[in-house]
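Q: What follows is a structure written as structure tokens; I'll ask about it next.
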Amino acid sequence: MDRTDAGALVQAAADGDAAAWKALVEGLSPLVWSVVRAHRLSDADAHEVYQTAWFRFAQHLGRIREPGKAGAWLASTARHECLKVIRSSQRLTLTDDPQLLDRVSEDGTPEQSLLDSEEAAAQSERVRRLWQEFEELGERCRQLLRVLMATPPPSYQDVSAALGIAVGSIGPLRQRCLRRLRARLEARGTI
């Protein structure tokens with residue numbers, strides 16, 4: 001869905017047009033799901049985040065300053081909700097289930113826990129560097145790669161219409177962008 005269509009649908013939905021709301025949900029749901037799936041939440045948490053993102057969107061529908069960027073607004077909201085769920089799931093959960101209480105710890109030794117946490121920290125740092133280098137790519141590369149990462153992936157015709165890139169140029173441009181990103185990461189010693 002391109003920005004012009006999204007903007008018009010947001011305006012119409014804010015004015016009470018149910019068909020416009022339905023078109024927004026159908027058009028932008030794949031984007032919301034791609035953000036949610038990227039965070040690898042449980043099915044229940046993923047559905048909760050999906051619903052919460054749309055609920056927040058509905059709450060703010062009339063106040064969105066740039067209706068054409070509805071997709072970005074939804075993606076950002078979904079990402080924030082995913083992070084809330086992840087943070088809350090890391091808290092201790094109380095139980096009175098005797099089987100859980102009698103179970104031997106699967107965490108292993110304290111040394112193993114330390115190694116696991118160091119490994120997780122290193123992985124987190126690699127991901128942070130990847131996104132840092134991604135943000136240093138040109139706007140055109142960032143837009144194209146973000147769109148192509150959606151689940152389900154959009155057709156090249158949809159990408160062409162949304163970004164104004166000729167269909168035959170999408171594949172070669174994607175390769176150049178990925179090569180640039182790889183070169184940046186190799187130069188920094190990230191990969």
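Residue numbers start at 1 in each chain; chains themselves are named A, B, ... in the order of the structure tokens; ligands are numbered from 1 in the order shown.
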Determine, counting only C-alpha atoms, which protein, DNA and RNA residues have an atom within 10 Å of an atom of range 23-26 of chain A; residues of the same chain fewer than 6 positions away are not included. Present the result as a PyMOL selection string.
A: chain A and resi 1+5-10+13+32+54+70-71
Q: Would you output that residue set with C-alpha atoms, as a tab-separated table (two decimals), in the first residue's frame?
A:
```
chain	number	residue	atom	x	y	z
A	1	MET	CA	0.00	0.00	0.00
A	5	ASP	CA	-3.50	5.38	-0.56
A	6	ALA	CA	-2.73	4.91	3.12
A	7	GLY	CA	-3.16	8.62	3.80
A	8	ALA	CA	-6.52	8.75	2.03
A	9	LEU	CA	-7.73	5.63	3.83
A	10	VAL	CA	-6.65	6.98	7.22
A	13	ALA	CA	-11.45	5.86	8.41
A	32	VAL	CA	2.34	-5.50	11.44
A	54	TRP	CA	-4.34	-1.93	15.90
A	70	ALA	CA	0.39	4.98	8.81
A	71	GLY	CA	2.49	1.90	8.06
```
Q: Do you know which residues are at most 8 Å from range 126-141 of chain A counting only C-alpha atoms, after dropping those on the same chain fewer than 6 positions away, and could you put them as a ChimeraX atom specification?
A: /A:173-174,177,180-181,184-185,190
Q: What separation in Å, quoted to one decimal, exists between CA of Arg79 in chain A and CA of Ala187 in chain A?
A: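 Spanning CA of Arg79 in chain A to CA of Ala187 in chain A is a straight-line distance of 29.2 Å.
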Q: Can you tell me, as a ChimeraX atom specification, what residues are no more than 12 Å from Val36 in chain A when counting only C-alpha atoms, ignoring any on the same chain fewer than 2 positions away?
A: /A:29-34,38-53,74-86,150-151
Q: If you measure from CA of Ile170 in chain A to CA of Gln143 in chain A, what distance in Å do you get, rounded to one decimal?
A: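 One can read the CA of Ile170 in chain A to CA of Gln143 in chain A distance as 11.6 Å.
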Q: Of the residues A:Tyr156, A:Phe57, A:Trp73, A:Trp21, which is the one nearest to Leu144 in chain A, using only C-alpha atoms?
A: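 Distance minimum relative to Leu144 in chain A lands on A:Tyr156.
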Q: State, in Å with one decimal place, the distance from CA of Ala183 in chain A to CA of Pro152 in chain A.
A: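 Atom-to-atom, CA of Ala183 in chain A to CA of Pro152 in chain A, that is 27.6 Å.
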Q: Output as a ChimeraX atom specification all residues of chain A that backbone DSSP marks as alpha helix (DSSP H).
A: /A:3-14,18-38,43-60,70-89,98-102,110-136,139-148,156-163,167-187
